Each structure stands twice: as C-alpha cells, then as structure tokens.
>>> print(open('start-v1.pdb').read())   # PDB, C-alpha atoms, pLDDT in the B column
ATOM      1  CA  MET A 224     -12.232  14.705 -37.106  1.00 43.00           C
ATOM      2  CA  HIS A 225     -10.715  13.041 -34.032  1.00 44.00           C
ATOM      3  CA  SER A 226      -7.253  13.045 -32.571  1.00 43.00           C
ATOM      4  CA  HIS A 227      -5.713  11.060 -29.753  1.00 42.00           C
ATOM      5  CA  CYS A 228      -4.761  12.624 -26.444  1.00 40.00           C
ATOM      6  CA  PRO A 229      -1.946  11.282 -24.251  1.00 37.00           C
ATOM      7  CA  PHE A 230      -4.450   9.459 -22.023  1.00 35.00           C
ATOM      8  CA  GLY A 231      -5.685   7.249 -24.853  1.00 36.00           C
ATOM      9  CA  LEU A 232      -9.056   8.925 -25.246  1.00 38.00           C
ATOM     10  CA  LEU A 233     -10.391  10.187 -28.533  1.00 40.00           C
ATOM     11  CA  THR A 234     -10.609  13.957 -28.446  1.00 40.00           C
ATOM     12  CA  PRO A 235     -12.196  16.384 -30.894  1.00 42.00           C
ATOM     13  CA  SER A 236      -9.696  18.176 -33.099  1.00 42.00           C
ATOM     14  CA  HIS A 237      -9.406  21.967 -33.358  1.00 44.00           C
ATOM     15  CA  ASP A 238     -11.596  22.124 -36.484  1.00 45.00           C
ATOM     16  CA  THR A 239     -14.548  20.247 -34.920  1.00 42.00           C
ATOM     17  CA  LYS A 240     -17.895  22.036 -35.116  1.00 44.00           C
ATOM     18  CA  PRO A 241     -20.026  22.450 -31.943  1.00 43.00           C
ATOM     19  CA  GLY A 242     -22.660  19.914 -33.054  1.00 43.00           C
ATOM     20  CA  GLN A 243     -19.950  17.343 -33.658  1.00 43.00           C
ATOM     21  CA  ILE A 244     -18.666  17.669 -30.099  1.00 42.00           C
ATOM     22  CA  ALA A 245     -22.009  16.533 -28.665  1.00 43.00           C
ATOM     23  CA  ARG A 246     -22.051  13.554 -31.062  1.00 47.00           C
ATOM     24  CA  TRP A 247     -18.449  12.781 -30.119  1.00 43.00           C
ATOM     25  CA  VAL A 248     -19.199  12.824 -26.391  1.00 43.00           C
ATOM     26  CA  ASN A 249     -22.229  10.575 -26.904  1.00 44.00           C
ATOM     27  CA  SER A 250     -20.281   8.123 -29.087  1.00 47.00           C
ATOM     28  CA  ASN A 251     -17.111   7.864 -27.013  1.00 46.00           C
ATOM     29  CA  GLU A 252     -17.266   4.771 -24.788  1.00 44.00           C
ATOM     30  CA  ASN A 253     -15.173   6.393 -22.046  1.00 43.00           C
ATOM     31  CA  PHE A 254     -17.829   9.036 -21.501  1.00 42.00           C
ATOM     32  CA  ARG A 255     -20.978   6.994 -22.057  1.00 42.00           C
ATOM     33  CA  GLY A 256     -22.052   5.903 -18.567  1.00 44.00           C
ATOM     34  CA  GLY A 257     -18.455   5.683 -17.370  1.00 46.00           C
ATOM     35  CA  ILE A 258     -16.401   8.628 -16.219  1.00 46.00           C
ATOM     36  CA  VAL A 259     -19.194  11.197 -16.276  1.00 47.00           C
ATOM     37  CA  ALA A 260     -21.586   8.972 -14.319  1.00 48.00           C
ATOM     38  CA  ARG A 261     -18.947   8.322 -11.659  1.00 48.00           C
ATOM     39  CA  ALA A 262     -18.061  12.020 -11.476  1.00 46.00           C
ATOM     40  CA  ARG A 263     -21.703  13.039 -11.090  1.00 50.00           C
ATOM     41  CA  ALA A 264     -22.242  10.421  -8.377  1.00 48.00           C
ATOM     42  CA  LEU A 265     -19.125  11.674  -6.611  1.00 46.00           C
ATOM     43  CA  LEU A 266     -20.305  15.278  -6.867  1.00 47.00           C
ATOM     44  CA  GLU A 267     -23.666  14.313  -5.360  1.00 51.00           C
ATOM     45  CA  VAL A 268     -21.850  12.710  -2.418  1.00 46.00           C
ATOM     46  CA  GLN A 269     -19.640  15.770  -2.022  1.00 46.00           C
ATOM     47  CA  ASN A 270     -22.668  18.082  -2.200  1.00 47.00           C
ATOM     48  CA  THR A 271     -24.366  16.263   0.663  1.00 46.00           C
ATOM     49  CA  ARG A 272     -21.258  16.084   2.850  1.00 46.00           C
ATOM     50  CA  PHE A 273     -19.376  19.301   2.172  1.00 45.00           C
ATOM     51  CA  GLY A 274     -21.959  21.867   1.079  1.00 46.00           C
ATOM     52  CA  THR A 275     -22.867  22.868  -2.428  1.00 46.00           C
ATOM     53  CA  MET A 276     -20.589  22.518  -5.392  1.00 50.00           C
ATOM     54  CA  SER A 277     -22.030  23.466  -8.746  1.00 59.00           C
ATOM     55  CA  MET A 278     -20.771  22.098 -12.028  1.00 64.00           C
ATOM     56  CA  GLN A 279     -23.158  24.160 -14.157  1.00 69.00           C
ATOM     57  CA  GLY A 280     -21.450  25.616 -17.162  1.00 71.00           C
ATOM     58  CA  VAL A 281     -18.696  22.990 -17.119  1.00 73.00           C
ATOM     59  CA  PRO A 282     -18.671  20.878 -20.282  1.00 83.00           C
ATOM     60  CA  LYS A 283     -19.421  17.210 -19.637  1.00 85.00           C
ATOM     61  CA  PHE A 284     -15.978  16.054 -20.646  1.00 85.00           C
ATOM     62  CA  LEU A 285     -14.359  18.327 -18.030  1.00 87.00           C
ATOM     63  CA  VAL A 286     -16.485  17.092 -15.110  1.00 87.00           C
ATOM     64  CA  PRO A 287     -14.058  14.278 -14.140  1.00 88.00           C
ATOM     65  CA  LEU A 288     -11.100  16.647 -14.179  1.00 90.00           C
ATOM     66  CA  ALA A 289     -12.965  19.297 -12.199  1.00 87.00           C
ATOM     67  CA  SER A 290     -14.109  16.694  -9.691  1.00 89.00           C
ATOM     68  CA  TRP A 291     -10.574  15.370  -9.265  1.00 92.00           C
ATOM     69  CA  MET A 292      -9.234  18.903  -8.808  1.00 93.00           C
ATOM     70  CA  ALA A 293     -11.950  19.672  -6.244  1.00 92.00           C
ATOM     71  CA  ARG A 294     -11.045  16.582  -4.198  1.00 94.00           C
ATOM     72  CA  ARG A 295      -7.342  17.456  -4.312  1.00 95.00           C
ATOM     73  CA  TYR A 296      -7.996  21.061  -3.288  1.00 94.00           C
ATOM     74  CA  GLN A 297     -10.282  19.968  -0.458  1.00 94.00           C
ATOM     75  CA  ALA A 298      -7.630  17.543   0.807  1.00 94.00           C
ATOM     76  CA  ALA A 299      -5.004  20.307   0.755  1.00 94.00           C
ATOM     77  CA  VAL A 300      -7.288  22.726   2.626  1.00 94.00           C
ATOM     78  CA  GLY A 301      -8.179  20.021   5.147  1.00 95.00           C
ATOM     79  CA  ALA A 302      -4.489  19.278   5.782  1.00 95.00           C
ATOM     80  CA  LYS A 303      -3.764  22.973   6.418  1.00 95.00           C
ATOM     81  CA  LEU A 304      -6.731  23.311   8.770  1.00 96.00           C
ATOM     82  CA  LYS A 305      -5.666  20.216  10.702  1.00 96.00           C
ATOM     83  CA  LYS A 306      -2.216  21.694  11.284  1.00 96.00           C
ATOM     84  CA  TYR A 307      -3.800  24.549  13.229  1.00 96.00           C
ATOM     85  CA  GLY A 308      -6.750  22.624  14.669  1.00 96.00           C
ATOM     86  CA  LEU A 309      -9.381  24.645  12.806  1.00 96.00           C
ATOM     87  CA  ARG A 310     -12.642  23.778  11.113  1.00 96.00           C
ATOM     88  CA  TYR A 311     -13.665  25.218   7.774  1.00 95.00           C
ATOM     89  CA  ASP A 312     -16.545  27.144   9.368  1.00 95.00           C
ATOM     90  CA  ASP A 313     -14.059  28.876  11.699  1.00 95.00           C
ATOM     91  CA  LEU A 314     -12.744  30.797   8.691  1.00 94.00           C
ATOM     92  CA  TYR A 315     -15.981  32.748   8.222  1.00 93.00           C
ATOM     93  CA  ASP A 316     -15.514  36.354   9.357  1.00 91.00           C
ATOM     94  CA  PRO A 317     -18.537  37.953  11.095  1.00 91.00           C
ATOM     95  CA  LEU A 318     -17.188  41.448  10.378  1.00 89.00           C
ATOM     96  CA  TYR A 319     -17.146  40.767   6.643  1.00 87.00           C
ATOM     97  CA  ASP A 320     -20.669  39.371   6.305  1.00 88.00           C
ATOM     98  CA  LEU A 321     -23.573  40.261   8.564  1.00 89.00           C
ATOM     99  CA  ASP A 322     -25.317  36.985   7.713  1.00 91.00           C
ATOM    100  CA  ILE A 323     -22.384  35.166   9.328  1.00 93.00           C
ATOM    101  CA  ASP A 324     -22.687  37.377  12.395  1.00 93.00           C
ATOM    102  CA  GLU A 325     -26.390  36.570  12.700  1.00 93.00           C
ATOM    103  CA  ALA A 326     -25.744  32.828  12.182  1.00 95.00           C
ATOM    104  CA  LEU A 327     -23.085  32.860  14.912  1.00 96.00           C
ATOM    105  CA  LYS A 328     -25.649  34.317  17.305  1.00 96.00           C
ATOM    106  CA  ARG A 329     -27.903  31.330  16.610  1.00 96.00           C
ATOM    107  CA  ILE A 330     -25.460  28.519  17.347  1.00 97.00           C
ATOM    108  CA  PRO A 331     -25.294  27.067  20.893  1.00 96.00           C
ATOM    109  CA  GLU A 332     -23.054  28.924  23.339  1.00 97.00           C
ATOM    110  CA  GLU A 333     -20.849  25.863  23.852  1.00 97.00           C
ATOM    111  CA  GLU A 334     -20.144  25.600  20.099  1.00 97.00           C
ATOM    112  CA  TYR A 335     -19.391  29.337  19.962  1.00 97.00           C
ATOM    113  CA  GLN A 336     -16.892  29.006  22.840  1.00 97.00           C
ATOM    114  CA  LEU A 337     -15.237  26.024  21.127  1.00 97.00           C
ATOM    115  CA  ARG A 338     -14.909  28.154  17.989  1.00 97.00           C
ATOM    116  CA  LEU A 339     -13.212  30.929  19.951  1.00 96.00           C
ATOM    117  CA  GLN A 340     -10.821  28.439  21.559  1.00 97.00           C
ATOM    118  CA  ARG A 341      -9.888  26.978  18.162  1.00 96.00           C
ATOM    119  CA  LEU A 342      -9.232  30.465  16.771  1.00 96.00           C
ATOM    120  CA  LYS A 343      -7.109  31.451  19.786  1.00 97.00           C
ATOM    121  CA  ARG A 344      -5.088  28.236  19.536  1.00 96.00           C
ATOM    122  CA  ALA A 345      -4.551  28.774  15.791  1.00 95.00           C
ATOM    123  CA  MET A 346      -3.358  32.349  16.337  1.00 96.00           C
ATOM    124  CA  ASP A 347      -1.021  31.172  19.106  1.00 96.00           C
ATOM    125  CA  LEU A 348       0.439  28.404  16.921  1.00 96.00           C
ATOM    126  CA  SER A 349       0.842  30.830  14.041  1.00 95.00           C
ATOM    127  CA  MET A 350       2.701  33.361  16.191  1.00 96.00           C
ATOM    128  CA  LYS A 351       5.018  30.607  17.458  1.00 96.00           C
ATOM    129  CA  HIS A 352       5.570  29.286  13.908  1.00 96.00           C
ATOM    130  CA  THR A 353       4.576  25.766  14.975  1.00 96.00           C
ATOM    131  CA  TYR A 354       1.808  23.262  14.261  1.00 96.00           C
ATOM    132  CA  LEU A 355      -0.254  20.923  16.390  1.00 96.00           C
ATOM    133  CA  PRO A 356       1.446  17.633  17.258  1.00 96.00           C
ATOM    134  CA  LYS A 357       0.766  14.857  14.711  1.00 96.00           C
ATOM    135  CA  GLU A 358      -1.395  12.839  17.120  1.00 96.00           C
ATOM    136  CA  MET A 359      -3.644  15.865  17.710  1.00 96.00           C
ATOM    137  CA  GLN A 360      -3.800  16.637  13.981  1.00 95.00           C
ATOM    138  CA  GLU A 361      -5.173  13.152  13.341  1.00 95.00           C
ATOM    139  CA  LYS A 362      -8.090  13.829  15.729  1.00 95.00           C
ATOM    140  CA  GLN A 363      -9.148  17.040  13.978  1.00 94.00           C
ATOM    141  CA  THR A 364     -12.318  17.177  11.862  1.00 94.00           C
ATOM    142  CA  PRO A 365     -11.924  20.176   9.541  1.00 95.00           C
ATOM    143  CA  PHE A 366     -15.102  19.539   7.531  1.00 94.00           C
ATOM    144  CA  LEU A 367     -17.507  18.923  10.394  1.00 95.00           C
ATOM    145  CA  HIS A 368     -19.766  21.911   9.809  1.00 95.00           C
ATOM    146  CA  TYR A 369     -21.568  23.671  12.644  1.00 96.00           C
ATOM    147  CA  LEU A 370     -22.448  26.963  10.950  1.00 95.00           C
ATOM    148  CA  GLN A 371     -23.974  25.845   7.638  1.00 95.00           C
ATOM    149  CA  GLU A 372     -27.504  25.161   8.865  1.00 96.00           C
ATOM    150  CA  PRO A 373     -27.943  28.451  10.799  1.00 96.00           C
ATOM    151  CA  LEU A 374     -26.346  30.332   7.890  1.00 95.00           C
ATOM    152  CA  GLN A 375     -28.773  28.796   5.403  1.00 96.00           C
ATOM    153  CA  GLN A 376     -31.673  29.755   7.680  1.00 95.00           C
ATOM    154  CA  VAL A 377     -30.447  33.353   7.923  1.00 93.00           C
ATOM    155  CA  GLN A 378     -29.989  33.573   4.149  1.00 92.00           C
ATOM    156  CA  ALA A 379     -33.457  32.100   3.532  1.00 93.00           C
ATOM    157  CA  GLU A 380     -34.979  34.636   5.942  1.00 91.00           C
ATOM    158  CA  ALA A 381     -33.093  37.474   4.269  1.00 89.00           C
ATOM    159  CA  GLU A 382     -34.306  36.350   0.844  1.00 90.00           C
ATOM    160  CA  GLU A 383     -37.875  36.145   2.127  1.00 90.00           C
ATOM    161  CA  LYS A 384     -37.639  39.657   3.592  1.00 88.00           C
ATOM    162  CA  GLU A 385     -36.263  40.926   0.292  1.00 86.00           C
ATOM    163  CA  GLN A 386     -39.202  39.411  -1.560  1.00 88.00           C
ATOM    164  CA  LEU A 387     -41.603  41.026   0.894  1.00 88.00           C
ATOM    165  CA  GLY A 388     -39.806  44.342   0.517  1.00 82.00           C
ATOM    166  CA  THR A 389     -39.187  44.826   4.249  1.00 81.00           C
ATOM    167  CA  GLY A 390     -35.394  44.735   4.107  1.00 70.00           C
ATOM    168  CA  ARG A 391     -33.025  43.120   6.563  1.00 65.00           C
ATOM    169  CA  HIS A 392     -33.296  44.076  10.211  1.00 64.00           C
ATOM    170  CA  TYR A 393     -29.511  44.350  10.445  1.00 63.00           C
ATOM    171  CA  GLU A 394     -28.993  46.193   7.196  1.00 61.00           C
ATOM    172  CA  ARG A 395     -26.479  49.029   7.427  1.00 59.00           C
ATOM    173  CA  SER A 396     -26.537  52.118   5.294  1.00 53.00           C
ATOM    174  CA  ILE A 397     -24.168  55.024   4.927  1.00 52.00           C
ATOM    175  CA  PRO A 398     -25.929  58.395   5.329  1.00 50.00           C
TER     176      PRO A 398
END
>>> encode(input="start-v1.pdb", output="structure tokens")
Amino acid sequence: MHSHCPFGLLTPSHDTKPGQIARWVNSNENFRGGIVARARALLEVQNTRFGTMSMQGVPKFLVPLASWMARRYQAAVGAKLKKYGLRYDDLYDPLYDLDIDEALKRIPEEEYQLRLQRLKRAMDLSMKHTYLPKEMQEKQTPFLHYLQEPLQQVQAEAEEKEQLGTGRHYERSIP
C-alpha cells in the first residue's frame, strides 16, 4: 500500500484508493501536526502581509510544497522589482482594469506622484539596460502596498452596486 519517496516520507502507491489516502495522511507522523500545521501558519502570515493567497483545492500533502514555491516566487519577483525600484502595486495598469483606475483616484496625491516617479525611473533604467545601484536596491520595499485598501473598497462598492442592480458608474459598453 505504501512506498517510500526520496525524501524519506511514506507515500501512497499508484494503486491506493481515495479513502486510503485520507487515512494515510492522518496516520503519517510527518503530516500530523507537523508540516501541514507549519505551512498553514505560514500561509496565514503571508495572507496578512502580502494579500490573499488561497490554497483551496490543493491536497493537504501538497500545501508545504506550494507554500515553499510561493515564497521562492515572491522572493524572485521582489528581487526583480528592487532592481528597477518598483513596488508590486506599481504593476497594476489602470487602462486594463477600471477598478484600478478608480482606486488610483482615491490614493493621496503624494503617493500617486511617487508612483509616477517610480514608473518613470524604471522605464529609464530599462531603456538604458541598467539597474539601480546595489545600495539603492537594498532600500527598496517592493511589497509595501499602497493600492490594496482603496482597490478592495472599490471592488466592494462594485459588488454592492451589482447586488442592487444599479451597475457601475464607470461601466463602459460598446453600442
């Protein structure tokens, strides 16, 4: 019924029935209160700091792997953003999504001007095929969000208007 994987964990074999997998996960000491609990705690921390990250539909035994991959991907994205001096929220395009456009109108003018300066600097660095100096890259905060709260407000308002049947005030339609 069980086979060994290279990491020393017992894994279900290819002929294991679905009900046996649940019993296997519950009986395996590596999963009981160990890896899965740490992965869920880590995901809760990531959800509060970096926005939402859903693990619904992911089998319990894949949660640690998915969590590890998410951290690695986030580190890689953060490193790229630091090279150009950008924040993650700078990547949202107001022409692509009207909710983003509305959220950008709600942030303070100073934050909006800082966003424009970061985008101009990134375009300039990209055209010159260079990066920010290392000492400036270390000062960058790519995951300090400034647009998430206004965006959530706009999306909540849009959902409320949809429920009321009034439609969005900035909804476009093609005649």
>>> resolve_selection(input="start-v1.pdb", expression="the PyMOL selection byres ((chain A and resi 365) around 9)", output="MDAnalysis selection string")
chainID A and resid 300:302 304:305 308:312 363:364 366:368
>>> closest_residue(input="start-v1.pdb", among="A:Tyr307, A:Gln340, A:Glu332, A:Glu383", to="A:Lys362", atoms="only C-alpha atoms")
A:Tyr307
>>> atom_distance(input="start-v1.pdb", atom1="atom CA of A:Asp322", atom2="atom CA of A:Glu372")
12.1 Å
>>> atom_distance(input="start-v1.pdb", atom1="atom CA of A:Lys306", atom2="atom CA of A:Asp347")
12.3 Å
>>> atom_distance(input="start-v1.pdb", atom1="atom CA of A:Gln360", atom2="atom CA of A:Arg294")
19.6 Å
>>> closest_residue(input="start-v1.pdb", among="A:Leu339, A:Lys328, A:Ala298, A:Glu361", to="A:Pro373", atoms="all atoms listed in the file")
A:Lys328
>>> resolve_selection(input="start-v1.pdb", expression="the PyMOL selection byres ((chain A and resi 381) around 12)", output="list in words")
Leu321, Asp322, Glu325, Ala326, Leu374, Gln375, Gln376, Val377, Gln378, Ala379, Glu380, Glu382, Glu383, Lys384, Glu385, Gln386, Leu387, Gly388, Thr389, Gly390, Arg391, His392, Tyr393 and Glu394 of chain A
>>> closest_residue(input="start-v1.pdb", among="A:Val286, A:Val281, A:Ile323, A:Leu314", to="A:Arg338", atoms="only C-alpha atoms")
A:Leu314
>>> residues_around(input="start-v1.pdb", residues="A:Leu327", least_positions_apart="3", cutoff="8 Å", atoms="only C-alpha atoms", output="ChimeraX atom specification")
/A:317,323-324,330,335,370,373
>>> write_last_selection(input="start-v1.pdb", atoms="C-alpha atoms", output="PDB file, keeping the file's coordinate frame")
ATOM      1  CA  PRO A 317     -18.537  37.953  11.095  1.00 91.00           C
ATOM      2  CA  ILE A 323     -22.384  35.166   9.328  1.00 93.00           C
ATOM      3  CA  ASP A 324     -22.687  37.377  12.395  1.00 93.00           C
ATOM      4  CA  ILE A 330     -25.460  28.519  17.347  1.00 97.00           C
ATOM      5  CA  TYR A 335     -19.391  29.337  19.962  1.00 97.00           C
ATOM      6  CA  LEU A 370     -22.448  26.963  10.950  1.00 95.00           C
ATOM      7  CA  PRO A 373     -27.943  28.451  10.799  1.00 96.00           C
TER       8      PRO A 373
END
>>> closest_residue(input="start-v1.pdb", among="A:Pro287, A:Asp313, A:Asp320, A:Lys303", to="A:Leu355", atoms="only C-alpha atoms")
A:Lys303
>>> closest_residue(input="start-v1.pdb", among="A:Tyr369, A:Tyr354, A:Met346, A:Asp316", to="A:Glu334", atoms="all atoms listed in the file")
A:Tyr369
